>>> print(open('structure-v4.txt').read())   # compact mmCIF, C-alpha atoms
# COMPACT_ATOMS: atom_id res chain seq x y z
CA MET V 6 105.27 78.46 62.20
CA ALA V 7 101.62 77.55 61.63
CA ASP V 8 101.86 74.33 63.64
CA LYS V 9 103.54 76.03 66.60
CA ARG V 10 101.57 77.21 69.59
CA THR V 11 101.49 80.95 70.13
CA ILE V 12 102.35 81.95 73.70
CA ARG V 13 100.89 85.33 74.61
CA ILE V 14 102.89 87.43 77.04
CA GLY V 15 101.88 90.56 78.95
CA LEU V 16 104.39 92.96 80.47
CA LEU V 17 103.58 94.93 83.62
CA GLY V 18 106.15 97.69 83.39
CA PHE V 19 108.31 98.76 80.48
CA GLY V 20 111.35 100.33 82.07
CA VAL V 21 114.94 99.24 81.60
CA VAL V 22 114.28 95.52 82.13
CA GLY V 23 110.99 95.43 80.24
CA GLN V 24 112.55 97.12 77.23
CA GLY V 25 115.44 94.67 77.44
CA VAL V 26 113.03 91.73 77.35
CA TRP V 27 111.33 93.12 74.24
CA LYS V 28 114.63 93.98 72.55
CA ASN V 29 116.28 90.64 73.18
CA ILE V 30 113.27 88.53 72.25
CA GLU V 31 113.06 90.41 68.94
CA LYS V 32 116.82 90.18 68.42
CA ASN V 33 116.93 86.41 68.96
CA ARG V 34 113.38 85.53 67.95
CA GLN V 35 114.24 82.93 65.30
CA ALA V 36 116.59 80.95 67.55
CA LEU V 37 114.32 81.29 70.59
CA GLU V 38 111.23 80.07 68.82
CA TYR V 39 113.13 77.20 67.25
CA ARG V 40 114.38 76.04 70.64
CA LEU V 41 111.04 76.52 72.36
CA GLY V 42 108.86 75.13 69.60
CA ALA V 43 106.46 78.04 70.08
CA VAL V 44 105.76 81.55 68.85
CA LEU V 45 106.33 84.30 71.44
CA ASP V 46 103.85 87.15 71.18
CA ILE V 47 104.09 90.13 73.57
CA THR V 48 100.52 91.27 73.14
CA GLN V 49 100.10 93.78 75.99
CA VAL V 50 102.47 96.26 77.65
CA VAL V 51 101.17 98.16 80.68
CA VAL V 52 102.91 101.38 81.77
CA LYS V 53 102.21 104.21 84.20
CA ASN V 54 102.83 107.00 81.72
CA LEU V 55 101.73 106.47 78.12
CA ASN V 56 103.46 109.66 76.97
CA ARG V 57 106.93 108.89 78.29
CA GLU V 58 109.70 108.56 75.70
CA ARG V 59 111.28 105.11 75.63
CA GLY V 60 114.36 103.74 73.92
CA VAL V 61 112.52 100.80 72.37
CA GLN V 62 109.74 101.40 69.88
CA ILE V 63 106.76 99.03 69.98
CA PRO V 64 103.33 99.10 68.30
CA GLY V 65 101.18 101.75 69.90
CA GLU V 66 98.07 99.58 70.05
CA ILE V 67 99.58 97.21 72.60
CA TYR V 68 100.36 100.01 75.08
CA SER V 69 97.97 100.54 77.98
CA ASP V 70 97.87 102.04 81.45
CA ASP V 71 95.27 99.47 82.56
CA PRO V 72 96.81 96.43 84.34
CA ALA V 73 93.59 94.48 83.86
CA ARG V 74 94.50 94.07 80.19
CA VAL V 75 97.28 91.78 81.37
CA VAL V 76 96.27 90.44 84.78
CA ASP V 77 92.61 89.71 84.03
CA ASN V 78 93.01 88.84 80.35
CA PRO V 79 92.26 85.11 79.80
CA GLU V 80 94.28 85.16 76.56
CA ILE V 81 97.52 86.08 78.35
CA ASP V 82 99.58 82.94 79.09
CA ILE V 83 102.48 84.57 80.94
CA VAL V 84 102.44 87.72 83.09
CA CYS V 85 105.83 89.44 83.45
CA GLU V 86 105.83 91.67 86.54
CA LEU V 87 108.66 94.14 85.87
CA MET V 88 107.29 97.12 87.82
CA GLY V 89 109.38 96.79 90.95
CA GLY V 90 108.38 97.80 94.45
CA THR V 91 105.95 96.17 96.84
CA GLY V 92 102.85 98.31 96.29
CA ALA V 93 100.90 97.84 93.07
CA ALA V 94 103.23 94.98 92.11
CA LEU V 95 102.08 92.99 95.14
CA GLU V 96 98.38 93.51 94.50
CA LEU V 97 98.69 92.63 90.81
CA THR V 98 100.82 89.56 91.49
CA ARG V 99 98.31 88.32 94.04
CA ARG V 100 95.53 88.85 91.51
CA ALA V 101 97.30 87.04 88.71
CA LEU V 102 98.39 84.05 90.82
CA SER V 103 94.92 83.72 92.37
CA GLN V 104 93.61 83.20 88.82
CA GLY V 105 96.09 80.39 88.25
CA LYS V 106 98.34 82.40 85.97
CA ILE V 107 102.07 82.07 85.40
CA VAL V 108 103.95 85.10 86.74
CA VAL V 109 107.59 85.86 85.92
CA THR V 110 109.31 88.51 88.06
CA ALA V 111 112.62 90.27 88.62
CA ASN V 112 111.33 91.85 91.84
CA LYS V 113 113.60 90.70 94.70
CA ALA V 114 112.02 93.03 97.27
CA LEU V 115 108.58 91.59 96.58
CA ILE V 116 109.77 87.99 96.88
CA CYS V 117 111.83 88.68 99.99
CA GLU V 118 108.99 90.42 101.82
CA HIS V 119 105.98 88.49 100.46
CA GLY V 120 107.36 85.37 98.80
CA GLU V 121 105.92 82.95 101.36
CA GLU V 122 102.42 84.35 100.79
CA LEU V 123 102.75 84.52 97.00
CA PHE V 124 104.02 80.95 96.64
CA LYS V 125 101.10 79.80 98.78
CA ILE V 126 98.60 81.66 96.56
CA ALA V 127 100.19 80.10 93.48
CA HIS V 128 100.02 76.58 94.93
CA GLU V 129 96.43 76.94 96.09
CA ASN V 130 95.19 78.22 92.73
CA GLY V 131 97.33 76.33 90.22
CA GLY V 132 99.49 79.34 89.38
CA HIS V 133 103.28 79.39 89.04
CA TYR V 134 105.85 81.95 90.13
CA PHE V 135 109.22 82.20 88.33
CA TYR V 136 111.93 84.44 89.79
CA GLU V 137 115.37 83.67 88.29
CA ALA V 138 116.01 87.35 87.47
CA SER V 139 115.52 88.43 91.09
CA VAL V 140 119.00 87.32 92.18
CA ALA V 141 122.42 88.04 90.61
CA GLY V 142 121.17 89.35 87.26
CA GLY V 143 122.41 87.12 84.45
CA ILE V 144 123.91 84.42 86.69
CA PRO V 145 121.62 81.35 86.72
CA ILE V 146 122.12 80.84 90.45
CA ILE V 147 118.51 79.91 91.22
CA LYS V 148 118.38 77.22 88.54
CA THR V 149 121.79 75.99 89.63
CA ILE V 150 120.67 75.44 93.22
CA ARG V 151 117.17 74.25 92.39
CA GLU V 152 118.04 71.93 89.51
CA ALA V 153 121.72 71.33 88.70
CA LEU V 154 122.80 70.86 92.34
CA VAL V 155 119.56 69.32 93.59
CA ALA V 156 121.41 66.30 95.05
CA ASN V 157 123.33 68.49 97.50
CA ARG V 158 122.89 69.83 101.00
CA PHE V 159 124.42 73.30 101.12
CA SER V 160 126.67 74.10 104.05
CA MET V 161 127.86 77.44 102.64
CA ILE V 162 126.66 79.90 100.03
CA PHE V 163 128.39 83.25 99.85
CA GLY V 164 129.11 85.93 97.33
CA ILE V 165 128.73 89.36 95.84
CA LEU V 166 125.11 90.13 94.97
CA ASN V 167 125.17 93.88 94.29
CA GLY V 168 127.04 95.28 91.30
CA THR V 169 126.86 98.91 92.40
CA SER V 170 128.64 98.40 95.71
CA ASN V 171 131.18 96.15 94.03
CA TYR V 172 131.91 98.82 91.41
CA ILE V 173 132.45 101.45 94.13
CA LEU V 174 134.78 99.23 96.17
CA THR V 175 136.73 98.25 93.05
CA ARG V 176 137.34 101.87 92.05
CA MET V 177 138.30 102.82 95.61
CA GLU V 178 140.86 100.00 95.69
CA ARG V 179 142.34 100.42 92.21
CA GLU V 180 142.46 104.20 91.98
CA GLY V 181 142.61 105.31 95.60
CA LEU V 182 139.38 107.31 95.17
CA SER V 183 137.21 108.32 98.10
CA PHE V 184 133.81 106.75 98.63
CA ASP V 185 132.04 110.01 97.71
CA ALA V 186 134.04 110.49 94.49
CA THR V 187 133.38 106.94 93.34
CA LEU V 188 129.71 107.19 94.25
CA GLY V 189 129.45 110.28 92.03
CA ASP V 190 130.86 108.33 89.07
CA ALA V 191 128.48 105.45 89.76
CA ARG V 192 125.55 107.86 89.71
CA GLU V 193 126.64 109.35 86.39
CA LEU V 194 126.92 105.86 84.87
CA GLY V 195 123.42 104.98 86.05
CA TYR V 196 124.58 102.17 88.33
CA VAL V 197 122.86 103.46 91.49
CA GLU V 198 119.21 102.80 92.29
CA ALA V 199 116.90 105.81 92.59
CA ASP V 200 116.65 104.87 96.26
CA GLU V 201 120.39 104.78 96.95
CA ALA V 202 119.95 103.05 100.30
CA LEU V 203 119.05 99.85 98.46
CA ASP V 204 122.60 99.65 97.10
CA LEU V 205 124.69 101.52 99.67
CA ASP V 206 123.09 100.15 102.84
CA GLY V 207 122.98 96.55 101.61
CA VAL V 208 119.19 96.21 101.36
CA ASP V 209 119.19 95.08 97.71
CA ALA V 210 121.74 92.34 98.33
CA ALA V 211 120.07 91.32 101.60
CA HIS V 212 116.79 90.74 99.74
CA LYS V 213 118.66 88.40 97.41
CA ALA V 214 120.32 86.60 100.32
CA VAL V 215 116.91 85.93 101.86
CA ILE V 216 115.70 84.41 98.58
CA LEU V 217 118.76 82.17 98.30
CA ALA V 218 118.36 81.07 101.93
CA PHE V 219 114.81 79.96 101.22
CA LEU V 220 115.80 78.23 98.02
CA ALA V 221 118.64 76.28 99.62
CA HIS V 222 117.10 75.63 103.04
CA GLY V 223 113.34 76.11 102.79
CA LYS V 224 113.21 78.78 105.50
CA TRP V 225 112.01 82.35 105.08
CA VAL V 226 113.86 84.87 107.21
CA LYS V 227 113.07 88.54 107.66
CA LEU V 228 115.50 91.41 107.13
CA ASN V 229 115.10 92.54 110.73
CA GLU V 230 116.30 89.11 111.90
CA ILE V 231 119.67 89.27 110.15
CA ILE V 232 122.77 91.44 109.98
CA CYS V 233 122.36 93.90 107.10
CA GLU V 234 125.13 96.48 106.74
CA GLY V 235 126.26 98.56 103.78
CA ILE V 236 129.47 100.11 102.51
CA ARG V 237 129.20 103.77 103.54
CA GLU V 238 131.74 103.47 106.39
CA ILE V 239 134.54 101.89 104.32
CA THR V 240 137.52 104.21 103.81
CA GLY V 241 140.63 104.12 101.69
CA ASP V 242 142.66 103.36 104.82
CA ASP V 243 140.54 100.27 105.49
CA ILE V 244 141.09 99.05 101.93
CA ARG V 245 144.84 99.74 102.13
CA ILE V 246 145.35 97.93 105.43
CA ALA V 247 143.22 95.01 104.24
CA GLY V 248 145.41 94.77 101.14
CA GLU V 249 148.59 94.76 103.21
CA LEU V 250 147.17 91.88 105.26
CA GLY V 251 146.30 89.86 102.16
CA TYR V 252 142.60 90.74 101.97
CA LYS V 253 140.14 92.66 99.81
CA ILE V 254 137.00 94.26 101.19
CA LYS V 255 133.78 93.10 99.54
CA LEU V 256 130.10 93.40 100.39
CA LEU V 257 129.27 89.74 101.01
CA ALA V 258 126.08 87.79 101.44
CA VAL V 259 126.74 84.75 103.62
CA ILE V 260 124.32 81.84 104.10
CA ALA V 261 125.83 79.17 106.33
CA ARG V 262 124.14 76.08 107.74
CA ASP V 263 125.39 73.97 110.60
CA PHE V 264 123.68 70.64 109.96
CA LYS V 265 124.74 69.13 113.29
CA ALA V 266 123.24 71.98 115.32
CA ASN V 267 120.47 72.50 112.72
CA GLN V 268 121.12 76.24 112.67
CA LEU V 269 121.15 78.70 109.80
CA SER V 270 123.04 81.99 109.62
CA VAL V 271 122.03 84.57 107.00
CA ARG V 272 123.85 87.90 106.84
CA LEU V 273 124.90 90.70 104.50
CA HIS V 274 127.84 92.94 105.37
CA PRO V 275 131.24 94.23 104.24
CA ALA V 276 133.97 91.71 104.93
CA LEU V 277 137.69 91.23 104.54
CA ILE V 278 138.10 88.20 102.28
CA SER V 279 141.41 86.56 101.39
CA LYS V 280 142.78 87.52 97.97
CA SER V 281 143.23 83.79 97.33
CA GLU V 282 139.44 83.30 97.22
CA VAL V 283 137.94 83.31 93.73
CA ILE V 284 135.14 85.62 94.87
CA ALA V 285 137.71 88.22 95.98
CA GLY V 286 138.72 88.61 92.34
CA VAL V 287 135.19 89.49 91.21
CA ASP V 288 135.35 93.23 90.49
CA GLU V 289 133.49 96.09 88.81
CA VAL V 290 129.73 95.50 88.34
CA TYR V 291 130.10 91.73 88.28
CA ASN V 292 128.49 89.39 90.79
CA GLY V 293 129.89 86.08 91.99
CA VAL V 294 128.38 83.30 94.07
CA SER V 295 130.19 80.36 95.67
CA VAL V 296 128.04 77.34 96.52
CA THR V 297 129.38 74.47 98.62
CA GLY V 298 127.39 71.23 98.58
CA ASP V 299 128.08 67.95 100.31
CA VAL V 300 128.13 66.03 97.00
CA VAL V 301 129.68 68.33 94.41
CA GLY V 302 131.98 70.38 96.63
CA THR V 303 132.34 74.04 95.73
CA THR V 304 130.92 75.60 92.57
CA VAL V 305 131.51 79.26 91.68
CA LEU V 306 129.37 81.26 89.26
CA ILE V 307 130.46 84.70 88.02
CA GLY V 308 128.72 87.09 85.65
CA ARG V 309 127.08 90.43 85.20
CA GLY V 310 124.83 91.02 88.16
CA ALA V 311 122.81 93.93 86.89
CA GLY V 312 121.89 95.91 83.83
CA GLN V 313 119.33 95.59 81.10
CA ASP V 314 120.78 92.68 79.18
CA ALA V 315 121.85 90.58 82.17
CA THR V 316 118.49 90.87 83.94
CA SER V 317 116.40 90.52 80.80
CA SER V 318 118.38 87.37 79.95
CA SER V 319 117.18 85.79 83.19
CA VAL V 320 113.60 86.97 82.62
CA ILE V 321 113.62 85.39 79.17
CA SER V 322 115.07 82.20 80.70
CA ASP V 323 112.06 82.05 83.02
CA ILE V 324 109.73 82.75 80.11
CA ALA V 325 111.33 79.81 78.33
CA ASP V 326 110.74 77.54 81.33
CA ALA V 327 107.13 78.70 81.46
CA VAL V 328 106.71 77.97 77.74
CA PHE V 329 108.06 74.44 78.20
CA MET V 330 105.70 73.94 81.13
CA LEU V 331 102.72 75.18 79.12
CA GLN V 332 103.59 72.58 76.51
CA GLY V 333 103.63 69.75 79.01
CA ALA V 334 107.26 69.66 80.14
CA PRO V 335 108.00 69.10 83.85
CA LYS V 336 107.38 72.13 86.02
CA ALA V 337 110.43 74.32 86.62
CA ALA V 338 108.71 76.45 89.26
CA ILE V 339 108.34 75.25 92.84
CA SER V 340 105.46 72.78 92.75
CA GLU V 341 103.15 71.47 95.46
CA GLU V 342 105.33 68.36 95.73
CA ASP V 343 108.38 70.58 96.19
CA GLU V 344 106.61 72.42 99.00
CA ALA V 345 106.70 69.30 101.17
CA VAL V 346 110.41 68.87 100.44
CA TYR V 347 111.08 72.49 101.42
CA ALA V 348 109.15 72.02 104.63
CA ARG V 349 111.38 69.05 105.49
CA LEU V 350 114.49 71.06 104.65
CA ALA V 351 113.47 73.63 107.24
CA ASP V 352 112.14 71.15 109.81
CA GLY V 353 113.44 72.28 113.19
CA LEU V 354 115.88 74.70 111.56
CA GLU V 355 116.62 77.67 113.78
CA LEU V 356 118.11 81.00 112.75
CA THR V 357 121.36 81.80 114.53
CA ALA V 358 120.99 85.03 116.48
CA PRO V 359 123.40 87.65 115.10
CA GLU V 360 124.94 88.24 118.51
CA ASP V 361 125.87 84.54 118.76
CA LEU V 362 128.07 84.58 115.66
CA GLU V 363 131.80 84.06 116.09
CA GLY V 364 134.72 85.03 113.89
CA ARG V 365 137.64 87.38 113.45
CA TYR V 366 137.17 91.14 113.09
CA TYR V 367 138.84 94.29 111.81
CA LEU V 368 138.44 97.39 114.01
CA ARG V 369 139.18 101.04 113.17
CA ILE V 370 139.36 103.43 116.12
CA HIS V 371 139.95 107.21 115.84
CA VAL V 372 141.88 108.34 118.92
CA GLN V 373 143.91 111.12 120.49
CA ASP V 374 147.55 110.61 119.54
CA GLN V 375 149.01 110.51 123.04
CA GLU V 376 150.93 108.25 125.39
CA GLY V 377 149.05 105.30 126.84
CA VAL V 378 146.31 105.13 124.22
CA LEU V 379 147.21 101.70 122.92
CA ALA V 380 147.51 100.33 126.45
CA ALA V 381 144.06 101.70 127.30
CA LEU V 382 142.53 100.13 124.21
CA THR V 383 144.25 96.82 124.96
CA ASP V 384 142.94 96.83 128.52
CA LEU V 385 139.36 97.54 127.48
CA LEU V 386 139.33 94.93 124.71
CA THR V 387 140.85 92.34 127.03
CA LYS V 388 138.01 92.90 129.48
CA HIS V 389 135.65 92.01 126.63
CA HIS V 390 137.61 88.84 125.81
CA ILE V 391 139.05 90.28 122.58
CA SER V 392 142.71 89.87 121.68
CA PHE V 393 144.74 91.50 118.90
CA ALA V 394 146.17 89.65 115.91
CA THR V 395 147.64 92.71 114.13
CA VAL V 396 147.84 96.45 114.90
CA ASN V 397 148.44 99.39 112.53
CA GLN V 398 148.54 103.07 113.41
CA LYS V 399 148.24 106.11 111.14
CA GLU V 400 149.10 109.55 112.50
CA LEU V 401 146.90 112.34 111.16
CA SER V 402 147.81 115.96 110.52
CA ASP V 403 145.43 117.24 113.21
CA GLY V 404 147.28 115.51 116.03
CA THR V 405 145.00 112.49 116.16
CA ALA V 406 145.53 108.94 114.97
CA ARG V 407 143.69 105.97 113.56
CA ILE V 408 144.31 102.58 115.15
CA MET V 409 143.45 99.71 112.81
CA LEU V 410 143.60 96.23 114.27
CA THR V 411 142.47 92.70 113.58
CA THR V 412 141.34 90.28 116.27
CA HIS V 413 141.61 86.61 117.02
CA GLN V 414 138.36 84.60 117.18
CA SER V 415 135.73 86.67 118.99
CA ARG V 416 132.02 86.66 119.62
CA GLU V 417 129.79 89.19 117.86
CA SER V 418 128.22 90.14 121.20
CA ASN V 419 131.65 90.93 122.66
CA ILE V 420 132.62 93.07 119.67
CA ARG V 421 129.39 95.06 119.96
CA ALA V 422 129.85 95.60 123.70
CA ALA V 423 133.49 96.60 123.23
CA LYS V 424 132.61 99.15 120.52
CA GLU V 425 130.01 100.70 122.81
CA ALA V 426 132.53 100.88 125.65
CA LEU V 427 135.25 102.31 123.39
CA ALA V 428 132.91 105.07 122.23
CA GLY V 429 132.60 106.17 125.85
CA LEU V 430 136.34 106.71 126.35
CA ASN V 431 137.63 110.31 126.28
CA ILE V 432 140.55 109.29 124.06
CA VAL V 433 138.22 107.86 121.39
CA LEU V 434 137.02 110.67 119.11
CA SER V 435 134.28 108.95 117.07
CA PRO V 436 132.31 105.69 117.19
CA PRO V 437 134.60 102.76 116.32
CA VAL V 438 133.98 100.94 113.04
CA SER V 439 134.24 97.17 112.62
CA PHE V 440 134.15 94.78 109.69
CA ARG V 441 134.13 91.01 109.80
CA ILE V 442 136.90 88.85 108.41
CA PHE V 443 135.25 86.18 106.29
CA GLU V 444 136.72 82.70 106.38
CA PRO V 445 134.57 80.25 104.37
CA GLU V 446 135.46 77.07 106.24
CA VAL V 447 132.30 75.70 107.84
>>> encode(input="structure-v4.txt", output="structure tokens")
Amino acid sequence: MADKRTIRIGLLGFGVVGQGVWKNIEKNRQALEYRLGAVLDITQVVVKNLNRERGVQIPGEIYSDDPARVVDNPEIDIVCELMGGTGAALELTRRALSQGKIVVTANKALICEHGEELFKIAHENGGHYFYEASVAGGIPIIKTIREALVANRFSMIFGILNGTSNYILTRMEREGLSFDATLGDARELGYVEADEALDLDGVDAAHKAVILAFLAHGKWVKLNEIICEGIREITGDDIRIAGELGYKIKLLAVIARDFKANQLSVRLHPALISKSEVIAGVDEVYNGVSVTGDVVGTTVLIGRGAGQDATSSSVISDIADAVFMLQGAPKAAISEEDEAVYARLADGLELTAPEDLEGRYYLRIHVQDQEGVLAALTDLLTKHHISFATVNQKELSDGTARIMLTTHQSRESNIRAAKEALAGLNIVLSPPVSFRIFEPEV
């Protein structure tokens, strides 16, 4: 070991992921250091609360509540930002990158909201920003797109990027449980973020979709520019009807590029996806991503999308890349040369407005169970240029009914207008709910 370089690592944050990084480096230290040709030394761990009990025991002298011991320490080679959030984490990341440091992160919200700025700071000051763990947990999707499939132009990337929502939908489908009952189980198992909206309203997965869109197409998009919808409105009836029609309902991120029109669509929403699609079979807390390139065709990656070991595995993978770079290997982070390539990728690329999207839809409408209802619905939808493909009706014990239908090809703007008009009818008892039918052909 004497002839091997010692790489000093500082951790900002020692929660679930930070403890996983420590645990798995120690567990696999001999093999890791043999492969890397270096000694890994976590010399500083910064936490908010020094007195908090933690599941992993580390030497007390390396604990601190002072971030400067990591960020401003010239002996630290790699800064691991594992705090989360966009407050202190942003300020500390800026500070580290402005000093030319290497920063490894699992913070998808920070990259999504401030990635453009942080990459610029890194490039201007000789720093490097690694972020494999920010998307799809243990699946090496970022390295796959950035390195293994570098020869490709990507017409379609889609998949499941949130394990919590996927677990809830899986349990609802398999066991016929309600959304609320399944959510309760997910909470007890620790699958749900403290801020539940991140999982249930699609924000977590949308952050990841934004990162993948930049990686594949060089364009940063903002959450308020894309469709971002969660799973709260999905019912057992929706799942049952979808199943009868040959679909499963999944929360999907979809990144589609039309190279002829030079337009990019980025969206995150529940969708009916054919059971014949590989991604439809990805259940429980697993994530799956399908990548279609013009050279390789379609590649599908499936694995654990969350949890201590899956995420820490990706953090350690980035640490490994940083170690190789420190020892003179080619840069694995986005370099200044890459920046020009990314600019060309996005040259003239326009984001498709959500209302301009086209596709097939599933609609659920709660109505009075009386004569003429279906005719009235048909008339209204026809006026909005929407035609039925299938219709199902469920009579309820209170004298009302649910109409569940699928459409032929329709425009998003027409679906939105029709839903607003339907909500104004006396026979419609609550705002209609719609989900998109996802068909991956580009």
>>> closest_residue(input="structure-v4.txt", among="V:Gly377, V:Gly15, V:Pro437, V:Gly310", to="Val140 (chain V)", atoms="only C-alpha atoms")
V:Gly310
>>> atom_distance(input="structure-v4.txt", atom1="CA of Gln268 (chain V)", atom2="CA of Tyr136 (chain V)")
26.0 Å
>>> residues_around(input="structure-v4.txt", residues="Ala114 (chain V)", least_positions_apart="5", cutoff="10 Å", atoms="only C-alpha atoms", output="MDAnalysis selection string")
chainID V and resid 89:91 119:120 139 203 208:213 215:216
>>> residues_around(input="structure-v4.txt", residues="Gly286 (chain V)", least_positions_apart="6", cutoff="12 Å", atoms="all atoms listed in the file", output="tab-separated table (two decimals) with C-alpha atoms, in the frame of the given file")
chain	number	residue	atom	x	y	z
V	164	GLY	CA	129.11	85.93	97.33
V	165	ILE	CA	128.73	89.36	95.84
V	171	ASN	CA	131.18	96.15	94.03
V	174	LEU	CA	134.78	99.23	96.17
V	175	THR	CA	136.73	98.25	93.05
V	252	TYR	CA	142.60	90.74	101.97
V	253	LYS	CA	140.14	92.66	99.81
V	254	ILE	CA	137.00	94.26	101.19
V	255	LYS	CA	133.78	93.10	99.54
V	278	ILE	CA	138.10	88.20	102.28
V	279	SER	CA	141.41	86.56	101.39
V	280	LYS	CA	142.78	87.52	97.97
V	292	ASN	CA	128.49	89.39	90.79
V	293	GLY	CA	129.89	86.08	91.99
V	294	VAL	CA	128.38	83.30	94.07
V	305	VAL	CA	131.51	79.26	91.68
V	307	ILE	CA	130.46	84.70	88.02
>>> closest_residue(input="structure-v4.txt", among="V:Thr411, V:Thr395, V:Asn267, V:Asn157", to="Gly298 (chain V)", atoms="only C-alpha atoms")
V:Asn157
>>> closest_residue(input="structure-v4.txt", among="V:Arg10, V:Pro445, V:Ile239, V:Glu66", to="Tyr39 (chain V)", atoms="only C-alpha atoms")
V:Arg10
>>> atom_distance(input="structure-v4.txt", atom1="CA of Val396 (chain V)", atom2="CA of Gly364 (chain V)")
17.4 Å
>>> closest_residue(input="structure-v4.txt", among="V:Lys32, V:Arg158, V:His133, V:Lys125", to="Val328 (chain V)", atoms="only C-alpha atoms")
V:His133
>>> closest_residue(input="structure-v4.txt", among="V:Asp8, V:Asp204, V:Glu238, V:Glu121", to="Val438 (chain V)", atoms="only C-alpha atoms")
V:Glu238
>>> residues_around(input="structure-v4.txt", residues="His274 (chain V)", least_positions_apart="4", cutoff="8 Å", atoms="all atoms listed in the file", output="list in words")
Gly207, Ile232, Cys233, Glu234, Gly235, Ile236, Leu256, Leu257, Ala258, Phe440 and Arg441 of chain V
>>> closest_residue(input="structure-v4.txt", among="V:Leu87, V:Glu417, V:Lys53, V:Ile442", to="Leu250 (chain V)", atoms="all atoms listed in the file")
V:Ile442
>>> atom_distance(input="structure-v4.txt", atom1="CA of Ile391 (chain V)", atom2="CA of Val271 (chain V)")
23.8 Å
>>> residues_around(input="structure-v4.txt", residues="Leu154 (chain V)", least_positions_apart="3", cutoff="12 Å", atoms="all atoms listed in the file", output="count of residues only")
21
>>> residues_around(input="structure-v4.txt", residues="Ala428 (chain V)", least_positions_apart="2", cutoff="12 Å", atoms="all atoms listed in the file", output="list of chain:residue names")
V:Arg369, V:Ile370, V:His371, V:Val372, V:Leu382, V:Leu385, V:Arg421, V:Ala422, V:Ala423, V:Lys424, V:Glu425, V:Ala426, V:Leu430, V:Asn431, V:Ile432, V:Val433, V:Leu434, V:Ser435, V:Pro436, V:Pro437, V:Val438
>>> residues_near_point(input="structure-v4.txt", point="(112.1, 84.2, 83.9)", cutoff="6 Å", atoms="only C-alpha atoms", output="short mmCIF file (atom, residue, chain, number, x, y, z; two decimals) with C-alpha atoms, in the coordinates of the input")
data_model
loop_
_atom_site.label_atom_id
_atom_site.label_comp_id
_atom_site.auth_asym_id
_atom_site.auth_seq_id
_atom_site.Cartn_x
_atom_site.Cartn_y
_atom_site.Cartn_z
CA VAL V 109 107.59 85.86 85.92
CA PHE V 135 109.22 82.20 88.33
CA TYR V 136 111.93 84.44 89.79
CA GLU V 137 115.37 83.67 88.29
CA SER V 319 117.18 85.79 83.19
CA VAL V 320 113.60 86.97 82.62
CA ILE V 321 113.62 85.39 79.17
CA SER V 322 115.07 82.20 80.70
CA ASP V 323 112.06 82.05 83.02
CA ILE V 324 109.73 82.75 80.11
#
>>> closest_atom_pairs(input="structure-v4.txt", of="region 157-243 of chain V", to="region 400-409 of chain V", cutoff="12 Å", atoms="only C-alpha atoms", output="CSV")
residue,atom,partner,partner_atom,distance
V:Thr240,CA,V:Arg407,CA,11.7
V:Asp242,CA,V:Met409,CA,8.8
V:Asp243,CA,V:Met409,CA,7.9
>>> residues_near_point(input="structure-v4.txt", point="(119.4, 92.2, 81.4)", cutoff="12 Å", atoms="all atoms listed in the file", output="PyMOL selection string")
chain V and resi 20-30+87+111+137-144+308-322
